[in-house]
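> So here's model.txt (compact mmCIF, C-alpha atoms).
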```txt
# COMPACT_ATOMS: atom_id res chain seq x y z
CA MET A 1 -38.95 59.92 -36.01
CA TYR A 2 -42.04 59.30 -33.88
CA THR A 3 -44.50 58.66 -36.73
CA TYR A 4 -44.07 54.88 -36.75
CA PRO A 5 -44.41 54.51 -32.95
CA ILE A 6 -47.63 56.57 -33.02
CA ILE A 7 -49.01 54.51 -35.92
CA SER A 8 -48.04 51.33 -34.05
CA ILE A 9 -49.88 52.38 -30.89
CA LEU A 10 -53.01 53.42 -32.82
CA ILE A 11 -53.19 50.25 -34.92
CA SER A 12 -52.29 47.71 -32.23
CA SER A 13 -54.68 49.24 -29.66
CA THR A 14 -57.58 49.43 -32.12
CA VAL A 15 -57.08 45.90 -33.47
CA SER A 16 -56.52 44.47 -30.00
CA TYR A 17 -59.71 46.16 -28.71
CA ILE A 18 -61.90 45.08 -31.64
CA SER A 19 -60.53 41.51 -31.73
CA MET A 20 -61.07 41.11 -27.97
CA ARG A 21 -64.65 42.35 -28.28
CA LEU A 22 -65.30 39.77 -30.99
CA LEU A 23 -63.40 36.95 -29.28
CA ILE A 24 -65.00 37.00 -25.81
CA PRO A 25 -68.35 35.42 -26.90
CA ILE A 26 -66.47 32.88 -29.05
CA LEU A 27 -64.16 31.87 -26.15
CA ARG A 28 -67.16 31.53 -23.82
CA ALA A 29 -69.10 29.49 -26.41
CA LYS A 30 -66.13 27.14 -26.84
CA GLY A 31 -65.96 26.65 -23.07
CA ILE A 32 -62.58 28.36 -22.72
CA ILE A 33 -63.34 29.81 -19.30
CA SER A 34 -61.74 30.07 -15.85
CA VAL A 35 -63.06 30.76 -12.36
CA ASP A 36 -62.26 34.18 -10.85
CA VAL A 37 -61.12 32.87 -7.45
CA HIS A 38 -60.70 36.26 -5.77
CA LYS A 39 -64.42 37.06 -5.84
CA PRO A 40 -66.80 35.60 -3.25
CA ASP A 41 -69.33 34.40 -5.87
CA ARG A 42 -66.50 32.85 -8.00
CA PRO A 43 -67.82 33.89 -11.45
CA THR A 44 -66.56 32.28 -14.65
CA VAL A 45 -64.56 34.46 -17.04
CA ALA A 46 -63.42 33.83 -20.64
CA ASN A 47 -59.75 32.79 -20.84
CA MET A 48 -56.89 33.07 -23.38
CA GLY A 49 -57.62 36.77 -24.01
CA GLY A 50 -53.89 37.19 -24.65
CA ILE A 51 -54.59 36.14 -28.21
CA SER A 52 -55.96 39.65 -28.91
CA ILE A 53 -52.63 41.15 -27.72
CA PHE A 54 -50.87 38.92 -30.26
CA ILE A 55 -53.31 39.92 -33.02
CA GLY A 56 -52.89 43.63 -32.16
CA ILE A 57 -49.08 43.47 -32.33
CA LEU A 58 -49.20 41.39 -35.52
CA ALA A 59 -51.53 43.93 -37.19
CA SER A 60 -49.17 46.80 -36.39
CA TYR A 61 -46.19 44.80 -37.76
CA ILE A 62 -48.06 44.03 -40.99
CA LEU A 63 -48.98 47.69 -41.46
CA LEU A 64 -45.40 48.82 -40.77
CA VAL A 65 -44.04 46.38 -43.36
CA PHE A 66 -46.74 47.57 -45.80
CA LEU A 67 -45.69 51.20 -45.18
CA GLY A 68 -42.10 50.26 -46.01
CA VAL A 69 -39.75 50.07 -43.05
CA SER A 70 -35.96 49.99 -43.25
CA GLN A 71 -34.22 46.64 -43.64
CA ASP A 72 -32.83 46.90 -40.10
CA LEU A 73 -36.27 47.41 -38.60
CA PHE A 74 -37.66 44.60 -40.76
CA ILE A 75 -35.05 42.20 -39.30
CA LYS A 76 -35.96 43.33 -35.78
CA LEU A 77 -39.69 42.89 -36.46
CA MET A 78 -39.11 39.35 -37.74
CA THR A 79 -36.93 38.55 -34.72
CA MET A 80 -39.61 39.79 -32.34
CA LEU A 81 -42.22 37.80 -34.27
CA GLY A 82 -40.13 34.66 -33.72
CA VAL A 83 -39.91 35.32 -29.97
CA MET A 84 -43.64 36.08 -29.80
CA LEU A 85 -44.60 32.90 -31.65
CA MET A 86 -42.47 30.67 -29.42
CA ALA A 87 -43.83 32.23 -26.21
CA THR A 88 -47.43 32.20 -27.49
CA ILE A 89 -47.27 28.53 -28.51
CA LEU A 90 -45.86 27.59 -25.08
CA GLY A 91 -48.57 29.63 -23.32
CA PHE A 92 -51.28 28.11 -25.54
CA LEU A 93 -50.10 24.57 -24.71
CA ASP A 94 -49.99 25.49 -21.02
CA ASP A 95 -53.56 26.78 -21.18
CA LEU A 96 -54.74 23.61 -22.92
CA LYS A 97 -52.87 21.21 -20.61
CA PRO A 98 -51.12 22.69 -17.56
CA ILE A 99 -47.32 22.36 -17.63
CA LYS A 100 -45.39 22.06 -14.34
CA GLY A 101 -43.63 25.23 -13.17
CA LEU A 102 -40.00 24.17 -13.57
CA LEU A 103 -40.65 22.51 -16.95
CA LYS A 104 -42.43 25.65 -18.18
CA THR A 105 -39.46 27.80 -17.17
CA PHE A 106 -37.14 25.38 -18.98
CA LEU A 107 -39.36 25.30 -22.10
CA SER A 108 -39.44 29.12 -22.25
CA ILE A 109 -35.62 29.32 -22.55
CA PRO A 110 -35.58 28.55 -26.35
CA ALA A 111 -37.65 31.72 -26.95
CA VAL A 112 -34.31 33.58 -26.92
CA LEU A 113 -33.13 31.59 -30.00
CA PRO A 114 -34.58 33.96 -32.67
CA ILE A 115 -32.49 36.78 -31.16
CA ILE A 116 -29.30 34.69 -31.07
CA LEU A 117 -29.86 33.56 -34.68
CA SER A 118 -30.56 37.12 -35.87
CA ALA A 119 -27.44 38.36 -34.08
CA LYS A 120 -25.44 35.61 -35.78
CA PHE A 121 -26.73 36.36 -39.31
CA TYR A 122 -27.17 40.15 -38.97
CA PRO A 123 -24.48 41.28 -36.49
CA HIS A 124 -24.66 44.86 -37.81
CA VAL A 125 -28.35 45.07 -36.83
CA ILE A 126 -28.62 43.02 -33.66
CA VAL A 127 -25.80 43.29 -31.15
CA ILE A 128 -25.90 40.95 -28.18
CA GLY A 129 -23.96 41.75 -25.04
CA ARG A 130 -22.44 44.89 -23.56
CA PRO A 131 -25.61 46.11 -21.86
CA GLU A 132 -25.95 49.84 -21.23
CA VAL A 133 -25.71 50.68 -17.56
CA PRO A 134 -26.34 54.12 -16.07
CA ILE A 135 -23.29 56.15 -15.02
CA VAL A 136 -20.73 53.57 -16.18
CA GLY A 137 -21.87 53.17 -19.80
CA ARG A 138 -21.53 49.79 -21.50
CA LEU A 139 -20.65 46.92 -19.19
CA ARG A 140 -17.75 44.68 -20.14
CA LEU A 141 -19.55 41.36 -19.73
CA THR A 142 -18.18 38.84 -22.17
CA ILE A 143 -18.54 35.47 -20.46
CA VAL A 144 -21.14 36.34 -17.83
CA TYR A 145 -23.60 37.83 -20.36
CA TRP A 146 -23.75 34.59 -22.36
CA MET A 147 -24.23 32.64 -19.12
CA LEU A 148 -27.23 34.81 -18.22
CA LEU A 149 -28.68 35.09 -21.75
CA PRO A 150 -30.93 31.98 -21.50
CA LEU A 151 -32.76 33.71 -18.64
CA ALA A 152 -33.09 37.06 -20.42
CA VAL A 153 -36.38 36.08 -22.11
CA ALA A 154 -37.45 33.16 -19.88
CA GLY A 155 -37.00 35.27 -16.73
CA PRO A 156 -39.36 38.15 -17.55
CA ALA A 157 -41.80 35.75 -19.30
CA ASN A 158 -42.24 33.65 -16.17
CA ALA A 159 -42.09 36.64 -13.81
CA VAL A 160 -44.97 38.38 -15.63
CA ASN A 161 -46.84 35.05 -15.67
CA MET A 162 -46.41 34.64 -11.89
CA LEU A 163 -47.77 38.10 -10.97
CA GLU A 164 -50.85 37.81 -13.16
CA VAL A 165 -53.07 36.88 -10.25
CA MET A 166 -55.73 39.57 -10.21
CA ASN A 167 -57.90 41.49 -12.66
CA GLY A 168 -55.98 43.95 -14.82
CA ILE A 169 -52.62 43.48 -13.09
CA MET A 170 -50.74 42.31 -16.20
CA PRO A 171 -51.84 45.03 -18.70
CA ILE A 172 -51.63 47.80 -16.07
CA THR A 173 -48.17 46.93 -14.71
CA CYS A 174 -46.67 46.00 -18.07
CA SER A 175 -47.94 49.10 -19.90
CA LEU A 176 -46.58 51.28 -17.06
CA ALA A 177 -43.25 49.41 -17.30
CA LEU A 178 -43.08 50.10 -21.04
CA ILE A 179 -43.09 53.90 -20.52
CA PRO A 180 -39.56 54.09 -18.99
CA ILE A 181 -38.41 51.53 -21.56
CA MET A 182 -39.51 53.86 -24.39
CA ILE A 183 -37.89 56.85 -22.63
CA GLY A 184 -34.65 54.84 -22.27
CA GLN A 185 -34.73 53.88 -25.95
CA ALA A 186 -35.24 57.54 -26.92
CA LEU A 187 -32.40 58.75 -24.67
CA LEU A 188 -30.05 56.12 -26.11
CA ARG A 189 -31.22 57.14 -29.60
CA ARG A 190 -32.61 53.66 -30.40
CA PHE A 191 -35.51 55.23 -32.27
CA GLU A 192 -36.29 52.15 -34.39
CA ASP A 193 -36.68 50.04 -31.26
CA ILE A 194 -39.36 52.37 -29.89
CA VAL A 195 -41.67 51.02 -32.63
CA LEU A 196 -41.35 47.51 -31.14
CA THR A 197 -42.22 48.75 -27.65
CA ALA A 198 -45.04 50.95 -28.95
CA SER A 199 -46.72 47.95 -30.64
CA LEU A 200 -46.96 46.09 -27.32
CA PHE A 201 -47.95 49.26 -25.45
CA GLY A 202 -50.87 49.86 -27.83
CA ALA A 203 -51.98 46.22 -27.74
CA LEU A 204 -52.04 46.30 -23.92
CA LEU A 205 -54.05 49.55 -23.92
CA GLY A 206 -56.61 48.00 -26.28
CA TYR A 207 -56.84 44.87 -24.13
CA LEU A 208 -57.03 46.61 -20.71
CA PRO A 209 -60.76 47.59 -20.78
CA PHE A 210 -61.71 43.89 -20.94
CA ASN A 211 -59.24 42.66 -18.29
CA LYS A 212 -59.60 45.47 -15.74
CA TYR A 213 -61.65 44.90 -12.57
CA PRO A 214 -64.21 43.25 -12.84
CA ALA A 215 -62.59 41.25 -15.65
CA LYS A 216 -64.56 40.01 -18.63
CA VAL A 217 -61.57 38.01 -19.87
CA PHE A 218 -58.28 36.62 -18.54
CA SER A 219 -55.07 36.74 -20.58
CA GLY A 220 -54.22 33.11 -19.81
CA ASN A 221 -50.65 31.83 -19.77
CA LEU A 222 -50.65 32.62 -23.49
CA GLY A 223 -50.96 36.36 -22.82
CA SER A 224 -48.64 36.70 -19.84
CA LEU A 225 -45.84 34.56 -21.32
CA LEU A 226 -46.13 36.48 -24.61
CA VAL A 227 -45.95 39.90 -22.93
CA GLY A 228 -43.09 38.93 -20.57
CA ALA A 229 -41.04 37.32 -23.34
CA TYR A 230 -41.64 40.35 -25.58
CA ILE A 231 -40.38 42.75 -22.88
CA GLY A 232 -37.31 40.56 -22.30
CA ALA A 233 -36.58 40.49 -26.04
CA ILE A 234 -36.88 44.30 -26.26
CA ALA A 235 -34.38 44.60 -23.39
CA ILE A 236 -31.82 42.48 -25.26
CA LEU A 237 -32.34 44.17 -28.64
CA SER A 238 -32.03 47.68 -27.16
CA ARG A 239 -29.35 46.63 -24.64
CA ILE A 240 -31.37 48.13 -21.78
CA GLU A 241 -31.42 45.03 -19.58
CA VAL A 242 -30.78 46.91 -16.32
CA LEU A 243 -33.48 49.51 -17.00
CA THR A 244 -35.98 46.75 -17.90
CA MET A 245 -35.09 44.83 -14.75
CA ILE A 246 -35.92 47.91 -12.67
CA ALA A 247 -39.13 48.61 -14.63
CA LEU A 248 -40.25 45.03 -13.94
CA MET A 249 -39.33 45.19 -10.24
CA PRO A 250 -42.79 44.21 -8.85
CA HIS A 251 -42.81 41.13 -11.11
CA LEU A 252 -39.23 40.16 -10.31
CA VAL A 253 -39.64 40.69 -6.54
CA ASN A 254 -42.81 38.56 -6.62
CA ALA A 255 -41.09 35.79 -8.63
CA PHE A 256 -38.09 35.93 -6.31
CA LEU A 257 -40.30 35.65 -3.19
CA VAL A 258 -42.31 32.74 -4.62
CA ILE A 259 -39.27 30.77 -5.83
CA SER A 260 -37.40 31.35 -2.56
CA SER A 261 -40.38 30.10 -0.52
CA VAL A 262 -41.83 27.20 -2.54
CA GLY A 263 -39.51 26.71 -5.53
CA PHE A 264 -40.88 26.54 -9.08
CA LYS A 265 -44.35 25.33 -8.09
CA GLU A 266 -47.35 26.59 -10.04
CA ARG A 267 -50.33 28.14 -8.19
CA ARG A 268 -52.36 25.00 -8.84
CA GLU A 269 -49.55 22.76 -7.44
CA MET A 270 -49.35 24.58 -4.09
CA SER A 271 -50.87 22.76 -1.11
CA GLU A 272 -51.51 26.03 0.75
CA ARG A 273 -52.82 29.25 -0.77
CA PRO A 274 -50.97 32.49 0.01
CA VAL A 275 -54.26 34.33 0.72
CA ARG A 276 -57.86 33.49 1.58
CA VAL A 277 -61.02 35.13 0.23
CA GLY A 278 -63.63 35.93 2.89
CA GLU A 279 -67.38 35.83 2.27
CA ASN A 280 -67.50 39.63 2.30
CA GLY A 281 -64.96 39.81 -0.54
CA PHE A 282 -62.05 40.82 1.67
CA ILE A 283 -58.77 39.04 0.98
CA HIS A 284 -56.98 37.84 4.12
CA VAL A 285 -53.39 36.72 4.58
CA ASN A 286 -52.78 33.01 5.18
CA PRO A 287 -50.86 33.07 8.50
CA SER A 288 -49.32 29.61 7.94
CA ARG A 289 -45.51 29.63 7.83
CA ARG A 290 -45.62 26.99 5.04
CA ALA A 291 -47.74 29.11 2.68
CA PRO A 292 -45.91 30.62 -0.32
CA ILE A 293 -44.64 34.19 0.02
CA THR A 294 -46.06 36.30 -2.80
CA LEU A 295 -46.29 40.03 -3.40
CA VAL A 296 -50.07 39.92 -2.80
CA ARG A 297 -49.56 38.04 0.51
CA PHE A 298 -46.86 40.55 1.48
CA ILE A 299 -49.26 43.44 0.75
CA VAL A 300 -52.15 41.92 2.72
CA LEU A 301 -49.77 41.02 5.58
CA ILE A 302 -48.67 44.66 5.91
CA SER A 303 -52.03 46.31 5.29
CA GLY A 304 -54.51 43.87 6.79
CA PRO A 305 -57.51 42.47 4.84
CA LEU A 306 -58.18 44.32 1.59
CA LYS A 307 -60.66 44.02 -1.25
CA GLU A 308 -59.31 42.82 -4.61
CA LYS A 309 -59.77 46.30 -6.07
CA ASP A 310 -57.57 47.83 -3.32
CA ILE A 311 -54.82 45.23 -3.83
CA ILE A 312 -54.84 46.07 -7.56
CA LYS A 313 -54.45 49.76 -6.61
CA VAL A 314 -51.49 48.98 -4.30
CA ILE A 315 -49.74 46.96 -7.03
CA THR A 316 -50.40 49.80 -9.51
CA TYR A 317 -48.79 52.33 -7.13
CA LEU A 318 -45.82 49.99 -6.64
CA GLN A 319 -45.48 49.74 -10.42
CA VAL A 320 -45.58 53.55 -10.65
CA ILE A 321 -42.69 53.68 -8.12
CA ALA A 322 -40.76 51.07 -10.15
CA SER A 323 -41.41 53.04 -13.36
CA ILE A 324 -40.18 56.29 -11.73
CA LEU A 325 -37.01 54.47 -10.61
CA ALA A 326 -36.60 53.12 -14.15
CA ILE A 327 -37.03 56.65 -15.59
CA SER A 328 -34.35 57.85 -13.12
CA THR A 329 -32.16 55.02 -14.40
CA ALA A 330 -32.81 56.15 -17.98
CA LEU A 331 -31.85 59.74 -17.06
CA LEU A 332 -28.68 58.43 -15.42
CA TYR A 333 -27.64 57.15 -18.87
CA LEU A 334 -26.79 60.79 -19.58
CA VAL A 335 -24.40 60.92 -16.59
CA LYS A 336 -20.90 59.52 -17.06
CA ILE A 337 -18.10 59.30 -14.49
CA MET B 1 -52.18 55.04 8.76
CA HIS B 2 -54.49 53.44 6.20
CA GLY B 3 -53.41 49.83 5.58
CA SER B 4 -52.94 50.03 1.82
CA LYS B 5 -50.91 53.26 2.11
CA ARG B 6 -48.64 51.54 4.64
CA ALA B 7 -48.12 48.64 2.20
CA VAL B 8 -47.21 51.04 -0.64
CA LEU B 9 -44.83 52.95 1.64
CA ILE B 10 -42.99 49.89 3.01
CA LEU B 11 -42.75 48.01 -0.28
CA GLY B 12 -41.91 51.23 -2.13
CA MET B 13 -39.02 51.82 0.27
CA LEU B 14 -37.88 48.24 -0.35
CA PHE B 15 -37.91 48.92 -4.13
CA ILE B 16 -35.91 52.13 -3.67
CA LEU B 17 -33.37 50.27 -1.52
CA LEU B 18 -33.02 47.49 -4.11
CA TRP B 19 -32.60 50.03 -6.91
CA SER B 20 -29.99 52.17 -5.17
CA THR B 21 -27.90 49.18 -4.03
CA LEU B 22 -28.07 47.69 -7.54
CA ILE B 23 -26.78 50.90 -9.12
CA LEU B 24 -24.02 51.17 -6.50
CA LEU B 25 -23.05 47.54 -7.08
CA LEU B 26 -22.83 48.00 -10.86
CA VAL B 27 -20.71 51.13 -10.48
CA PHE B 28 -18.43 49.36 -7.98
CA ILE B 29 -17.95 46.35 -10.25
CA GLU B 30 -17.23 48.47 -13.33
CA LYS B 31 -15.10 51.19 -11.71
CA VAL B 32 -13.21 49.19 -9.08
CA ILE B 33 -13.10 45.47 -9.84
CA LEU B 34 -12.84 45.71 -13.62
CA VAL B 35 -10.18 48.44 -13.32
CA TYR B 36 -7.95 47.25 -10.47
CA VAL B 37 -8.13 43.45 -10.85
CA LYS B 38 -5.87 42.48 -13.73
CA LEU B 39 -6.67 38.77 -14.14
CA SER B 40 -9.75 38.30 -16.38
CA LEU B 41 -10.99 35.11 -14.70
CA LEU B 42 -10.63 36.64 -11.23
CA ARG B 43 -12.55 39.73 -12.40
CA SER B 44 -15.45 37.54 -13.61
CA ALA B 45 -15.41 35.47 -10.40
CA LEU B 46 -15.36 38.55 -8.14
CA GLY B 47 -18.09 40.28 -10.16
CA LEU B 48 -20.31 37.20 -10.02
CA LEU B 49 -19.58 36.75 -6.31
CA LEU B 50 -20.61 40.32 -5.53
CA ALA B 51 -23.75 40.05 -7.68
CA GLY B 52 -24.59 36.77 -5.94
CA LEU B 53 -24.06 38.40 -2.53
CA TRP B 54 -26.38 41.23 -3.54
CA VAL B 55 -29.12 38.77 -4.59
CA TYR B 56 -28.64 36.80 -1.35
CA SER B 57 -28.83 39.97 0.79
CA CYS B 58 -32.02 41.04 -1.03
CA TYR B 59 -33.47 37.58 -0.36
CA LYS B 60 -32.56 37.64 3.34
CA PHE B 61 -33.70 41.24 3.84
CA SER B 62 -37.09 40.82 2.13
CA ARG B 63 -37.74 37.58 4.05
CA TRP B 64 -36.71 39.30 7.29
CA ILE B 65 -39.27 42.08 6.76
CA PHE B 66 -41.93 39.53 5.79
CA HIS B 67 -41.34 37.40 8.88
CA ARG B 68 -41.34 40.43 11.18
CA PHE B 69 -44.89 41.22 10.04
CA LEU B 70 -45.87 37.53 10.20
CA ASN B 71 -44.59 37.30 13.78
CA VAL B 72 -46.80 40.25 14.72
CA ILE B 73 -49.84 38.31 13.44
CA HIS B 74 -48.80 35.13 15.29
CA SER B 75 -48.16 36.98 18.55
CA SER B 76 -51.56 38.72 18.37
CA HIS B 77 -53.44 35.37 18.04
```
If you took the structure in this file and wrote it as structure tokens, what would it be?


Amino acid sequence: MYTYPIISILISSTVSYISMRLLIPILRAKGIISVDVHKPDRPTVANMGGISIFIGILASYILLVFLGVSQDLFIKLMTMLGVMLMATILGFLDDLKPIKGLLKTFLSIPAVLPIILSAKFYPHVIVIGRPEVPIVGRLRLTIVYWMLLPLAVAGPANAVNMLEVMNGIMPITCSLALIPIMIGQALLRRFEDIVLTASLFGALLGYLPFNKYPAKVFSGNLGSLLVGAYIGAIAILSRIEVLTMIALMPHLVNAFLVISSVGFKERREMSERPVRVGENGFIHVNPSRRAPITLVRFIVLISGPLKEKDIIKVITYLQVIASILAISTALLYLVKI
Amino acid sequence: MHGSKRAVLILGMLFILLWSTLILLLVFIEKVILVYVKLSLLRSALGLLLAGLWVYSCYKFSRWIFHRFLNVIHSSH
């Protein structure tokens, strides 16, 4: 039952780690670099490291197919591959030539198409709609679900992309968010789906040593869009949309705050920065009322100036709280009234 | 209290509030609106309205907290 998930984690983490180690000098040599703006000396760091997450997941899929998975799991793997490819291509294009915020959100909507097509051709394997909700069981959303479906992949993809502002935030928060998702899948007896989650979990673990503070590589839009879209797709396939929403609470709250304050503007399009980096490395809040509201600005506003490492710790603790709430949600699946 | 601990505490409480109200909202929609409202279209409209109200309240509440802290900074300058 848990053999495939364990194999997935081992393979995807190993391949992701090795590929990242090999890729960093190549990315630097090709000039694919970005400035780390939250450090006083503004060092350059290799970009597009998300490619190793993709390679790690792909390697685990190939091995699983080679080991002989069931036809149902094979269909799910191919569906996830379709979602991953669409999100990765969009992120790659965005890294090459920046795409405006609203257009990027719009362009990420088609990433849900592989799931809709699979549900159409294999309705016995992939069921869309009727999400599982704690206490009440399956929700009776017939019209509303289809209205919200375009955002089910685009939403998490862009939310993860928007919070990826500091070293290690994306792999730390997303891997912590995947733990309650796997627990939820196990409690709902969606054992095959755990393999899908485990592949991403392993790939993020393999990638984390290179992205953690002080980062040697950034994921790029390629990595964050891929990871966010993947988590959204898992939520639809396992019908655990509510649990996933709670597990991704720091990302969703951040996206909500940014959109409500400055709309769909990208970081590079904003006239005022949410925070300022002092010469001593402390990050200060921008007191301007016109500056965008972000989770990082909210944190620094409450706490006072903090070093980047401390902000990363605060976001990690917030993700732990979100993951505990998501685990509570998963346990509430067992309660029915 | 140490600044970063205060940030974790306040934002953590905000997360817990969002989570508990979301669960309550879902239970209310499923157990009250979907049971006692007979007309399908009205059920969808009421459910969406309540969900929209929840999102709007979250928006207003989080902005209210943010601006309270921002006002403290402005008044201290």

> Out of A:Arg140, A:Lys76, A:His38, A:Arg273, which residue has the shortest atom-to-atom distance to Arg43 of chain B when counting only C-alpha atoms?

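Counting only C-alpha atoms, the residue closest to Arg43 of chain B is A:Arg140.
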
> Can you check which residues of chain A have any atom within 9 Å of chain B? Use only C-alpha atoms and format it as a PDB file with C-alpha atoms, keeping the file's coordinate frame.


```pdb
ATOM      1  CA  VAL A 133     -25.710  50.680 -17.560  1.00  0.00           C
ATOM      2  CA  PRO A 134     -26.340  54.120 -16.070  1.00  0.00           C
ATOM      3  CA  ILE A 135     -23.290  56.150 -15.020  1.00  0.00           C
ATOM      4  CA  VAL A 136     -20.730  53.570 -16.180  1.00  0.00           C
ATOM      5  CA  LEU A 139     -20.650  46.920 -19.190  1.00  0.00           C
ATOM      6  CA  ARG A 140     -17.750  44.680 -20.140  1.00  0.00           C
ATOM      7  CA  LEU A 141     -19.550  41.360 -19.730  1.00  0.00           C
ATOM      8  CA  ILE A 143     -18.540  35.470 -20.460  1.00  0.00           C
ATOM      9  CA  VAL A 144     -21.140  36.340 -17.830  1.00  0.00           C
ATOM     10  CA  ILE A 246     -35.920  47.910 -12.670  1.00  0.00           C
ATOM     11  CA  MET A 249     -39.330  45.190 -10.240  1.00  0.00           C
ATOM     12  CA  PRO A 250     -42.790  44.210  -8.850  1.00  0.00           C
ATOM     13  CA  VAL A 253     -39.640  40.690  -6.540  1.00  0.00           C
ATOM     14  CA  PHE A 256     -38.090  35.930  -6.310  1.00  0.00           C
ATOM     15  CA  LEU A 257     -40.300  35.650  -3.190  1.00  0.00           C
ATOM     16  CA  SER A 260     -37.400  31.350  -2.560  1.00  0.00           C
ATOM     17  CA  PRO A 287     -50.860  33.070   8.500  1.00  0.00           C
ATOM     18  CA  SER A 288     -49.320  29.610   7.940  1.00  0.00           C
ATOM     19  CA  ARG A 289     -45.510  29.630   7.830  1.00  0.00           C
ATOM     20  CA  ILE A 293     -44.640  34.190   0.020  1.00  0.00           C
ATOM     21  CA  PHE A 298     -46.860  40.550   1.480  1.00  0.00           C
ATOM     22  CA  ILE A 299     -49.260  43.440   0.750  1.00  0.00           C
ATOM     23  CA  VAL A 300     -52.150  41.920   2.720  1.00  0.00           C
ATOM     24  CA  LEU A 301     -49.770  41.020   5.580  1.00  0.00           C
ATOM     25  CA  ILE A 302     -48.670  44.660   5.910  1.00  0.00           C
ATOM     26  CA  SER A 303     -52.030  46.310   5.290  1.00  0.00           C
ATOM     27  CA  GLY A 304     -54.510  43.870   6.790  1.00  0.00           C
ATOM     28  CA  PRO A 305     -57.510  42.470   4.840  1.00  0.00           C
ATOM     29  CA  LEU A 306     -58.180  44.320   1.590  1.00  0.00           C
ATOM     30  CA  ASP A 310     -57.570  47.830  -3.320  1.00  0.00           C
ATOM     31  CA  ILE A 311     -54.820  45.230  -3.830  1.00  0.00           C
ATOM     32  CA  LYS A 313     -54.450  49.760  -6.610  1.00  0.00           C
ATOM     33  CA  VAL A 314     -51.490  48.980  -4.300  1.00  0.00           C
ATOM     34  CA  ILE A 315     -49.740  46.960  -7.030  1.00  0.00           C
ATOM     35  CA  TYR A 317     -48.790  52.330  -7.130  1.00  0.00           C
ATOM     36  CA  LEU A 318     -45.820  49.990  -6.640  1.00  0.00           C
ATOM     37  CA  ILE A 321     -42.690  53.680  -8.120  1.00  0.00           C
ATOM     38  CA  ALA A 322     -40.760  51.070 -10.150  1.00  0.00           C
ATOM     39  CA  LEU A 325     -37.010  54.470 -10.610  1.00  0.00           C
ATOM     40  CA  ALA A 326     -36.600  53.120 -14.150  1.00  0.00           C
ATOM     41  CA  THR A 329     -32.160  55.020 -14.400  1.00  0.00           C
TER      42      THR A 329
END
```

> Quick one, how far is atom CA of Gly228 of chain A from atom CA of Asn158 of chain A?

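Separation of atom CA of Gly228 of chain A and atom CA of Asn158 of chain A: 6.9 Å.
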
> If you take only C-alpha atoms and a cut-off of 10 Å, which residues of segment 152-207 of chain A touch segment 235-239 of chain A, and what are their nearest atom pairs and distances in Å to one decimal, in chain and number order, as CSV?


```
residue,atom,partner,partner_atom,distance
A:Ala152,CA,A:Ile236,CA,7.4
A:Val153,CA,A:Ile236,CA,8.5
A:Ile181,CA,A:Ala235,CA,8.2
A:Gly184,CA,A:Ser238,CA,9.1
A:Gln185,CA,A:Ser238,CA,6.9
A:Leu188,CA,A:Ser238,CA,8.7
A:Arg189,CA,A:Ser238,CA,9.8
A:Arg190,CA,A:Ser238,CA,6.8
A:Phe191,CA,A:Ser238,CA,9.8
A:Glu192,CA,A:Ser238,CA,9.5
A:Asp193,CA,A:Ser238,CA,6.6
A:Ile194,CA,A:Ser238,CA,9.1
A:Leu196,CA,A:Leu237,CA,9.9
A:Thr197,CA,A:Ala235,CA,9.8
```

> Let me make sure I understand: among A:His251, A:Arg276, A:Arg297, A:Lys307, which one has the smallest atom-to-atom distance to Ala157 of chain A if we use all atoms listed in the file?

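With all atoms listed in the file as the atom set, the closest residue is A:His251.
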
> Please determine, counting only C-alpha atoms, which residue among A:Ala247, A:Tyr122, A:Val69, A:Met78 has the shortest atom-to-atom distance to Ser175 of chain A.

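Going through A:Ala247, A:Tyr122, A:Val69, A:Met78 one by one, the smallest distance to Ser175 of chain A is for A:Ala247.
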
> Counting only C-alpha atoms, find the residues whose atoms lie at most 8 Å from (-63.0, 27.7, -20.0) (file coordinates) and write them out as a PyMOL selection string.

chain A and resi 27-28+30-34+44-47
